[in-house]
>>> print(open('entry-v9.json').read())   # JSON, N, CA, C and O atoms
[["chain", "number", "residue", "atom", "x", "y", "z"],
["A", 1, "MET", "N", 62.88, -98.83, 120.39],
["A", 1, "MET", "CA", 63.94, -99.67, 120.93],
["A", 1, "MET", "C", 63.30, -100.65, 121.92],
["A", 1, "MET", "O", 62.49, -100.25, 122.74],
["A", 2, "SER", "N", 63.68, -101.92, 121.84],
["A", 2, "SER", "CA", 63.12, -102.91, 122.76],
["A", 2, "SER", "C", 63.63, -102.67, 124.17],
["A", 2, "SER", "O", 64.67, -102.03, 124.37],
["A", 3, "SER", "N", 62.88, -103.18, 125.13],
["A", 3, "SER", "CA", 63.32, -103.02, 126.52],
["A", 3, "SER", "C", 64.66, -103.70, 126.74],
["A", 3, "SER", "O", 65.49, -103.22, 127.52],
["A", 4, "ARG", "N", 64.89, -104.83, 126.04],
["A", 4, "ARG", "CA", 66.17, -105.53, 126.18],
["A", 4, "ARG", "C", 67.31, -104.63, 125.72],
["A", 4, "ARG", "O", 68.34, -104.52, 126.39],
["A", 5, "ASN", "N", 67.13, -103.98, 124.59],
["A", 5, "ASN", "CA", 68.18, -103.08, 124.09],
["A", 5, "ASN", "C", 68.36, -101.89, 125.01],
["A", 5, "ASN", "O", 69.49, -101.42, 125.19],
["A", 6, "ALA", "N", 67.28, -101.40, 125.57],
["A", 6, "ALA", "CA", 67.37, -100.26, 126.48],
["A", 6, "ALA", "C", 68.14, -100.65, 127.74],
["A", 6, "ALA", "O", 69.00, -99.89, 128.22],
["A", 7, "VAL", "N", 67.82, -101.82, 128.28],
["A", 7, "VAL", "CA", 68.51, -102.29, 129.48],
["A", 7, "VAL", "C", 69.99, -102.48, 129.17],
["A", 7, "VAL", "O", 70.86, -102.08, 129.95],
["A", 8, "LEU", "N", 70.30, -103.08, 128.04],
["A", 8, "LEU", "CA", 71.69, -103.30, 127.65],
["A", 8, "LEU", "C", 72.43, -101.97, 127.49],
["A", 8, "LEU", "O", 73.54, -101.80, 127.99],
["A", 9, "ALA", "N", 71.80, -101.03, 126.81],
["A", 9, "ALA", "CA", 72.44, -99.72, 126.61],
["A", 9, "ALA", "C", 72.72, -99.04, 127.95],
["A", 9, "ALA", "O", 73.80, -98.46, 128.15],
["A", 10, "GLU", "N", 71.77, -99.15, 128.86],
["A", 10, "GLU", "CA", 71.97, -98.54, 130.18],
["A", 10, "GLU", "C", 73.06, -99.27, 130.96],
["A", 10, "GLU", "O", 73.91, -98.64, 131.59],
["A", 11, "ALA", "N", 73.06, -100.60, 130.89],
["A", 11, "ALA", "CA", 74.07, -101.38, 131.61],
["A", 11, "ALA", "C", 75.47, -101.08, 131.09],
["A", 11, "ALA", "O", 76.43, -101.04, 131.86],
["A", 12, "LEU", "N", 75.58, -100.87, 129.79],
["A", 12, "LEU", "CA", 76.90, -100.58, 129.22],
["A", 12, "LEU", "C", 77.46, -99.24, 129.66],
["A", 12, "LEU", "O", 78.65, -98.98, 129.49],
["A", 13, "GLN", "N", 76.63, -98.39, 130.21],
["A", 13, "GLN", "CA", 77.08, -97.10, 130.73],
["A", 13, "GLN", "C", 77.65, -97.21, 132.14],
["A", 13, "GLN", "O", 78.27, -96.27, 132.63],
["A", 14, "LEU", "N", 77.46, -98.35, 132.79],
["A", 14, "LEU", "CA", 77.95, -98.54, 134.15],
["A", 14, "LEU", "C", 79.47, -98.69, 134.15],
["A", 14, "LEU", "O", 80.06, -99.11, 133.16],
["A", 15, "PRO", "N", 80.08, -98.38, 135.29],
["A", 15, "PRO", "CA", 81.53, -98.63, 135.42],
["A", 15, "PRO", "C", 81.81, -100.13, 135.31],
["A", 15, "PRO", "O", 80.92, -100.95, 135.58],
["A", 16, "PRO", "N", 83.02, -100.50, 134.92],
["A", 16, "PRO", "CA", 83.35, -101.92, 134.71],
["A", 16, "PRO", "C", 82.99, -102.83, 135.88],
["A", 16, "PRO", "O", 82.45, -103.91, 135.68],
["A", 17, "GLU", "N", 83.27, -102.41, 137.09],
["A", 17, "GLU", "CA", 82.99, -103.26, 138.26],
["A", 17, "GLU", "C", 81.48, -103.53, 138.38],
["A", 17, "GLU", "O", 81.07, -104.66, 138.67],
["A", 18, "GLU", "N", 80.68, -102.53, 138.15],
["A", 18, "GLU", "CA", 79.23, -102.71, 138.24],
["A", 18, "GLU", "C", 78.71, -103.55, 137.07],
["A", 18, "GLU", "O", 77.79, -104.37, 137.25],
["A", 19, "ARG", "N", 79.28, -103.39, 135.88],
["A", 19, "ARG", "CA", 78.89, -104.24, 134.74],
["A", 19, "ARG", "C", 79.21, -105.70, 135.04],
["A", 19, "ARG", "O", 78.41, -106.60, 134.74],
["A", 20, "ALA", "N", 80.37, -105.94, 135.64],
["A", 20, "ALA", "CA", 80.74, -107.31, 135.99],
["A", 20, "ALA", "C", 79.76, -107.90, 136.99],
["A", 20, "ALA", "O", 79.37, -109.07, 136.87],
["A", 21, "ASP", "N", 79.33, -107.10, 137.95],
["A", 21, "ASP", "CA", 78.37, -107.58, 138.94],
["A", 21, "ASP", "C", 77.03, -107.92, 138.28],
["A", 21, "ASP", "O", 76.43, -108.96, 138.57],
["A", 22, "VAL", "N", 76.57, -107.06, 137.38],
["A", 22, "VAL", "CA", 75.32, -107.32, 136.66],
["A", 22, "VAL", "C", 75.45, -108.60, 135.84],
["A", 22, "VAL", "O", 74.56, -109.45, 135.85],
["A", 23, "ALA", "N", 76.57, -108.76, 135.14],
["A", 23, "ALA", "CA", 76.78, -109.95, 134.33],
["A", 23, "ALA", "C", 76.78, -111.20, 135.20],
["A", 23, "ALA", "O", 76.15, -112.21, 134.85],
["A", 24, "LYS", "N", 77.46, -111.13, 136.33],
["A", 24, "LYS", "CA", 77.51, -112.27, 137.24],
["A", 24, "LYS", "C", 76.12, -112.65, 137.72],
["A", 24, "LYS", "O", 75.74, -113.82, 137.73],
["A", 25, "ARG", "N", 75.33, -111.66, 138.07],
["A", 25, "ARG", "CA", 73.96, -111.93, 138.55],
["A", 25, "ARG", "C", 73.07, -112.49, 137.45],
["A", 25, "ARG", "O", 72.25, -113.38, 137.69],
["A", 26, "LEU", "N", 73.23, -112.00, 136.24],
["A", 26, "LEU", "CA", 72.44, -112.53, 135.13],
["A", 26, "LEU", "C", 72.78, -113.99, 134.85],
["A", 26, "LEU", "O", 71.90, -114.82, 134.65],
["A", 27, "ILE", "N", 74.07, -114.28, 134.84],
["A", 27, "ILE", "CA", 74.49, -115.67, 134.59],
["A", 27, "ILE", "C", 74.00, -116.58, 135.72],
["A", 27, "ILE", "O", 73.49, -117.67, 135.47],
["A", 28, "ALA", "N", 74.12, -116.12, 136.95],
["A", 28, "ALA", "CA", 73.66, -116.91, 138.09],
["A", 28, "ALA", "C", 72.16, -117.18, 138.00],
["A", 28, "ALA", "O", 71.68, -118.24, 138.41],
["A", 29, "SER", "N", 71.42, -116.23, 137.42],
["A", 29, "SER", "CA", 69.96, -116.41, 137.33],
["A", 29, "SER", "C", 69.59, -117.51, 136.35],
["A", 29, "SER", "O", 68.47, -118.02, 136.38],
["A", 30, "LEU", "N", 70.52, -117.92, 135.49],
["A", 30, "LEU", "CA", 70.26, -119.00, 134.53],
["A", 30, "LEU", "C", 70.51, -120.38, 135.13],
["A", 30, "LEU", "O", 70.04, -121.37, 134.59],
["A", 31, "ASP", "N", 71.26, -120.42, 136.22],
["A", 31, "ASP", "CA", 71.54, -121.69, 136.87],
["A", 31, "ASP", "C", 70.32, -122.18, 137.61],
["A", 31, "ASP", "O", 69.51, -121.39, 138.10],
["A", 32, "GLY", "N", 70.24, -123.48, 137.72],
["A", 32, "GLY", "CA", 69.17, -124.06, 138.51],
["A", 32, "GLY", "C", 69.47, -123.90, 139.99],
["A", 32, "GLY", "O", 70.47, -123.30, 140.37],
["A", 33, "PRO", "N", 68.63, -124.47, 140.81],
["A", 33, "PRO", "CA", 68.88, -124.38, 142.26],
["A", 33, "PRO", "C", 70.16, -125.11, 142.63],
["A", 33, "PRO", "O", 70.56, -126.07, 141.97],
["A", 34, "GLU", "N", 70.81, -124.62, 143.69],
["A", 34, "GLU", "CA", 72.04, -125.26, 144.14],
["A", 34, "GLU", "C", 71.73, -126.66, 144.64],
["A", 34, "GLU", "O", 70.70, -126.91, 145.26],
["A", 35, "ASP", "N", 72.65, -127.56, 144.38],
["A", 35, "ASP", "CA", 72.52, -128.93, 144.83],
["A", 35, "ASP", "C", 73.52, -129.16, 145.95],
["A", 35, "ASP", "O", 74.73, -129.22, 145.72],
["A", 36, "ASP", "N", 73.02, -129.26, 147.18],
["A", 36, "ASP", "CA", 73.91, -129.41, 148.33],
["A", 36, "ASP", "C", 74.75, -130.68, 148.24],
["A", 36, "ASP", "O", 75.88, -130.72, 148.72],
["A", 37, "ASP", "N", 74.21, -131.74, 147.61],
["A", 37, "ASP", "CA", 74.97, -132.98, 147.46],
["A", 37, "ASP", "C", 76.19, -132.76, 146.58],
["A", 37, "ASP", "O", 77.26, -133.31, 146.85],
["A", 38, "VAL", "N", 76.03, -131.97, 145.53],
["A", 38, "VAL", "CA", 77.16, -131.69, 144.64],
["A", 38, "VAL", "C", 78.21, -130.88, 145.38],
["A", 38, "VAL", "O", 79.41, -131.17, 145.29],
["A", 39, "GLU", "N", 77.79, -129.87, 146.12],
["A", 39, "GLU", "CA", 78.74, -129.06, 146.89],
["A", 39, "GLU", "C", 79.50, -129.93, 147.88],
["A", 39, "GLU", "O", 80.72, -129.80, 148.02],
["A", 40, "ALA", "N", 78.80, -130.82, 148.57],
["A", 40, "ALA", "CA", 79.45, -131.70, 149.55],
["A", 40, "ALA", "C", 80.43, -132.65, 148.86],
["A", 40, "ALA", "O", 81.52, -132.91, 149.38],
["A", 41, "ALA", "N", 80.04, -133.15, 147.69],
["A", 41, "ALA", "CA", 80.93, -134.05, 146.95],
["A", 41, "ALA", "C", 82.20, -133.33, 146.51],
["A", 41, "ALA", "O", 83.31, -133.88, 146.60],
["A", 42, "TRP", "N", 82.06, -132.08, 146.03],
["A", 42, "TRP", "CA", 83.24, -131.33, 145.62],
["A", 42, "TRP", "C", 84.15, -131.04, 146.82],
["A", 42, "TRP", "O", 85.37, -131.14, 146.73],
["A", 43, "LEU", "N", 83.55, -130.69, 147.94],
["A", 43, "LEU", "CA", 84.34, -130.42, 149.14],
["A", 43, "LEU", "C", 85.10, -131.67, 149.56],
["A", 43, "LEU", "O", 86.30, -131.60, 149.89],
["A", 44, "ALA", "N", 84.44, -132.83, 149.54],
["A", 44, "ALA", "CA", 85.10, -134.08, 149.90],
["A", 44, "ALA", "C", 86.25, -134.38, 148.93],
["A", 44, "ALA", "O", 87.32, -134.84, 149.35],
["A", 45, "GLU", "N", 86.04, -134.11, 147.64],
["A", 45, "GLU", "CA", 87.10, -134.36, 146.65],
["A", 45, "GLU", "C", 88.29, -133.44, 146.88],
["A", 45, "GLU", "O", 89.45, -133.87, 146.81],
["A", 46, "VAL", "N", 88.03, -132.19, 147.16],
["A", 46, "VAL", "CA", 89.13, -131.24, 147.42],
["A", 46, "VAL", "C", 89.91, -131.68, 148.65],
["A", 46, "VAL", "O", 91.15, -131.68, 148.66],
["A", 47, "GLU", "N", 89.19, -132.06, 149.69],
["A", 47, "GLU", "CA", 89.86, -132.51, 150.91],
["A", 47, "GLU", "C", 90.68, -133.77, 150.66],
["A", 47, "GLU", "O", 91.79, -133.91, 151.17],
["A", 48, "ARG", "N", 90.16, -134.71, 149.86],
["A", 48, "ARG", "CA", 90.89, -135.93, 149.53],
["A", 48, "ARG", "C", 92.19, -135.58, 148.78],
["A", 48, "ARG", "O", 93.27, -136.10, 149.09],
["A", 49, "ARG", "N", 92.07, -134.67, 147.82],
["A", 49, "ARG", "CA", 93.25, -134.29, 147.05],
["A", 49, "ARG", "C", 94.29, -133.59, 147.92],
["A", 49, "ARG", "O", 95.49, -133.81, 147.76],
["A", 50, "LEU", "N", 93.83, -132.76, 148.85],
["A", 50, "LEU", "CA", 94.77, -132.09, 149.76],
["A", 50, "LEU", "C", 95.49, -133.10, 150.65],
["A", 50, "LEU", "O", 96.70, -132.98, 150.89],
["A", 51, "ARG", "N", 94.76, -134.12, 151.13],
["A", 51, "ARG", "CA", 95.41, -135.17, 151.92],
["A", 51, "ARG", "C", 96.47, -135.89, 151.10],
["A", 51, "ARG", "O", 97.56, -136.18, 151.59],
["A", 52, "ASP", "N", 96.15, -136.17, 149.82],
["A", 52, "ASP", "CA", 97.12, -136.83, 148.95],
["A", 52, "ASP", "C", 98.38, -135.98, 148.77],
["A", 52, "ASP", "O", 99.50, -136.49, 148.78],
["A", 53, "VAL", "N", 98.19, -134.68, 148.62],
["A", 53, "VAL", "CA", 99.34, -133.79, 148.47],
["A", 53, "VAL", "C", 100.15, -133.78, 149.76],
["A", 53, "VAL", "O", 101.38, -133.90, 149.74],
["A", 54, "ASP", "N", 99.46, -133.67, 150.91],
["A", 54, "ASP", "CA", 100.16, -133.65, 152.20],
["A", 54, "ASP", "C", 100.93, -134.95, 152.44],
["A", 54, "ASP", "O", 102.02, -134.93, 153.01],
["A", 55, "ARG", "N", 100.38, -136.08, 152.03],
["A", 55, "ARG", "CA", 101.05, -137.38, 152.21],
["A", 55, "ARG", "C", 102.17, -137.60, 151.20],
["A", 55, "ARG", "O", 102.95, -138.53, 151.34],
["A", 56, "GLY", "N", 102.17, -136.81, 150.14],
["A", 56, "GLY", "CA", 103.18, -136.99, 149.10],
["A", 56, "GLY", "C", 102.79, -138.06, 148.10],
["A", 56, "GLY", "O", 103.63, -138.53, 147.33],
["A", 57, "THR", "N", 101.52, -138.47, 148.08],
["A", 57, "THR", "CA", 101.07, -139.52, 147.16],
["A", 57, "THR", "C", 100.42, -138.96, 145.90],
["A", 57, "THR", "O", 100.11, -139.72, 144.98],
["A", 58, "ALA", "N", 100.22, -137.66, 145.85],
["A", 58, "ALA", "CA", 99.59, -137.04, 144.67],
["A", 58, "ALA", "C", 100.65, -136.80, 143.60],
["A", 58, "ALA", "O", 101.81, -136.49, 143.90],
["A", 59, "LYS", "N", 100.23, -136.98, 142.36],
["A", 59, "LYS", "CA", 101.12, -136.65, 141.25],
["A", 59, "LYS", "C", 100.93, -135.15, 140.99],
["A", 59, "LYS", "O", 99.84, -134.70, 140.66],
["A", 60, "VAL", "N", 101.98, -134.40, 141.18],
["A", 60, "VAL", "CA", 101.91, -132.95, 140.97],
["A", 60, "VAL", "C", 102.85, -132.56, 139.84],
["A", 60, "VAL", "O", 103.84, -133.25, 139.57],
["A", 61, "GLU", "N", 102.50, -131.47, 139.18],
["A", 61, "GLU", "CA", 103.31, -130.96, 138.07],
["A", 61, "GLU", "C", 103.45, -129.46, 138.24],
["A", 61, "GLU", "O", 102.53, -128.79, 138.70],
["A", 62, "PRO", "N", 104.56, -128.92, 137.80],
["A", 62, "PRO", "CA", 104.73, -127.47, 137.83],
["A", 62, "PRO", "C", 103.70, -126.80, 136.89],
["A", 62, "PRO", "O", 103.36, -127.35, 135.83],
["A", 63, "TRP", "N", 103.21, -125.64, 137.29],
["A", 63, "TRP", "CA", 102.22, -124.93, 136.50],
["A", 63, "TRP", "C", 102.73, -124.65, 135.09],
["A", 63, "TRP", "O", 101.98, -124.75, 134.12],
["A", 64, "ASP", "N", 104.00, -124.32, 134.93],
["A", 64, "ASP", "CA", 104.52, -124.03, 133.59],
["A", 64, "ASP", "C", 104.36, -125.23, 132.66],
["A", 64, "ASP", "O", 104.01, -125.07, 131.48],
["A", 65, "ALA", "N", 104.58, -126.44, 133.17],
["A", 65, "ALA", "CA", 104.45, -127.64, 132.35],
["A", 65, "ALA", "C", 102.99, -127.88, 131.98],
["A", 65, "ALA", "O", 102.67, -128.24, 130.84],
["A", 66, "VAL", "N", 102.10, -127.69, 132.94],
["A", 66, "VAL", "CA", 100.67, -127.89, 132.68],
["A", 66, "VAL", "C", 100.18, -126.87, 131.66],
["A", 66, "VAL", "O", 99.48, -127.21, 130.71],
["A", 67, "ARG", "N", 100.58, -125.61, 131.84],
["A", 67, "ARG", "CA", 100.16, -124.54, 130.92],
["A", 67, "ARG", "C", 100.63, -124.84, 129.51],
["A", 67, "ARG", "O", 99.87, -124.70, 128.55],
["A", 68, "GLU", "N", 101.87, -125.29, 129.36],
["A", 68, "GLU", "CA", 102.40, -125.60, 128.03],
["A", 68, "GLU", "C", 101.65, -126.78, 127.40],
["A", 68, "GLU", "O", 101.32, -126.76, 126.22],
["A", 69, "ARG", "N", 101.36, -127.81, 128.20],
["A", 69, "ARG", "CA", 100.62, -128.96, 127.68],
["A", 69, "ARG", "C", 99.22, -128.55, 127.21],
["A", 69, "ARG", "O", 98.76, -128.96, 126.15],
["A", 70, "LEU", "N", 98.55, -127.70, 127.99],
["A", 70, "LEU", "CA", 97.23, -127.22, 127.60],
["A", 70, "LEU", "C", 97.29, -126.35, 126.35],
["A", 70, "LEU", "O", 96.44, -126.47, 125.46],
["A", 71, "ALA", "N", 98.28, -125.49, 126.27],
["A", 71, "ALA", "CA", 98.43, -124.63, 125.09],
["A", 71, "ALA", "C", 98.67, -125.47, 123.85],
["A", 71, "ALA", "O", 98.09, -125.21, 122.79],
["A", 72, "THR", "N", 99.50, -126.50, 123.98],
["A", 72, "THR", "CA", 99.76, -127.39, 122.84],
["A", 72, "THR", "C", 98.48, -128.10, 122.42],
["A", 72, "THR", "O", 98.17, -128.20, 121.23],
["A", 73, "ARG", "N", 97.72, -128.59, 123.39],
["A", 73, "ARG", "CA", 96.47, -129.28, 123.09],
["A", 73, "ARG", "C", 95.48, -128.34, 122.39],
["A", 73, "ARG", "O", 94.83, -128.73, 121.42],
["A", 74, "LEU", "N", 95.41, -127.10, 122.85],
["A", 74, "LEU", "CA", 94.51, -126.14, 122.21],
["A", 74, "LEU", "C", 94.93, -125.86, 120.78],
["A", 74, "LEU", "O", 94.10, -125.78, 119.87],
["A", 75, "ARG", "N", 96.24, -125.69, 120.56],
["A", 75, "ARG", "CA", 96.73, -125.43, 119.21],
["A", 75, "ARG", "C", 96.42, -126.60, 118.30],
["A", 75, "ARG", "O", 96.01, -126.43, 117.15],
["A", 76, "THR", "N", 96.60, -127.81, 118.80],
["A", 76, "THR", "CA", 96.36, -129.02, 118.01],
["A", 76, "THR", "C", 94.88, -129.17, 117.69],
["A", 76, "THR", "O", 94.52, -129.53, 116.55],
["A", 77, "ASN", "N", 94.02, -128.90, 118.64],
["A", 77, "ASN", "CA", 92.58, -129.06, 118.43],
["A", 77, "ASN", "C", 91.98, -128.01, 117.51],
["A", 77, "ASN", "O", 90.93, -128.22, 116.93],
["A", 78, "ARG", "N", 92.66, -126.89, 117.33],
["A", 78, "ARG", "CA", 92.14, -125.83, 116.45],
["A", 78, "ARG", "C", 92.42, -126.11, 114.99],
["A", 78, "ARG", "O", 91.87, -125.47, 114.12],
["A", 79, "LYS", "N", 93.31, -127.02, 114.73],
["A", 79, "LYS", "CA", 93.70, -127.31, 113.33],
["A", 79, "LYS", "C", 92.69, -128.18, 112.66],
["A", 79, "LYS", "O", 91.93, -128.89, 113.13]]
>>> encode(input="entry-v9.json", output="structure tokens")
Amino acid sequence: MSSRNAVLAEALQLPPEERADVAKRLIASLDGPEDDDVEAAWLAEVERRLRDVDRGTAKVEPWDAVRERLATRLRTNRK
């Protein structure tokens, strides 16, 4: 048995919470280094959007409407 299969077999014996943690760490190990500029840009965008919501200038939609629109789009794209 390859070491990869052995590691996988052992990991699958872990409780769900520990398996999730292992999976999260493995996926994170595939990412490149964090880019502080990207994090700062996302934070600025979130803050801008929150200001728009607070001012009443943001276009907002109920979650049910958004969910239905996305579900319709997914159904259409699968055909």
>>> atom_distance(input="entry-v9.json", atom1="atom O of Gly32 (chain A)", atom2="atom C of Ala20 (chain A)")
18.3 Å
>>> select_by_dssp(input="entry-v9.json", residues="chain A", states="helix (DSSP H, G or I)", output="PyMOL selection string")
chain A and resi 3-11+16-30+36-55+63-78
>>> atom_distance(input="entry-v9.json", atom1="atom C of Ala71 (chain A)", atom2="atom N of Lys59 (chain A)")
21.9 Å
>>> atom_distance(input="entry-v9.json", atom1="atom C of Glu18 (chain A)", atom2="CA of Leu30 (chain A)")
17.8 Å
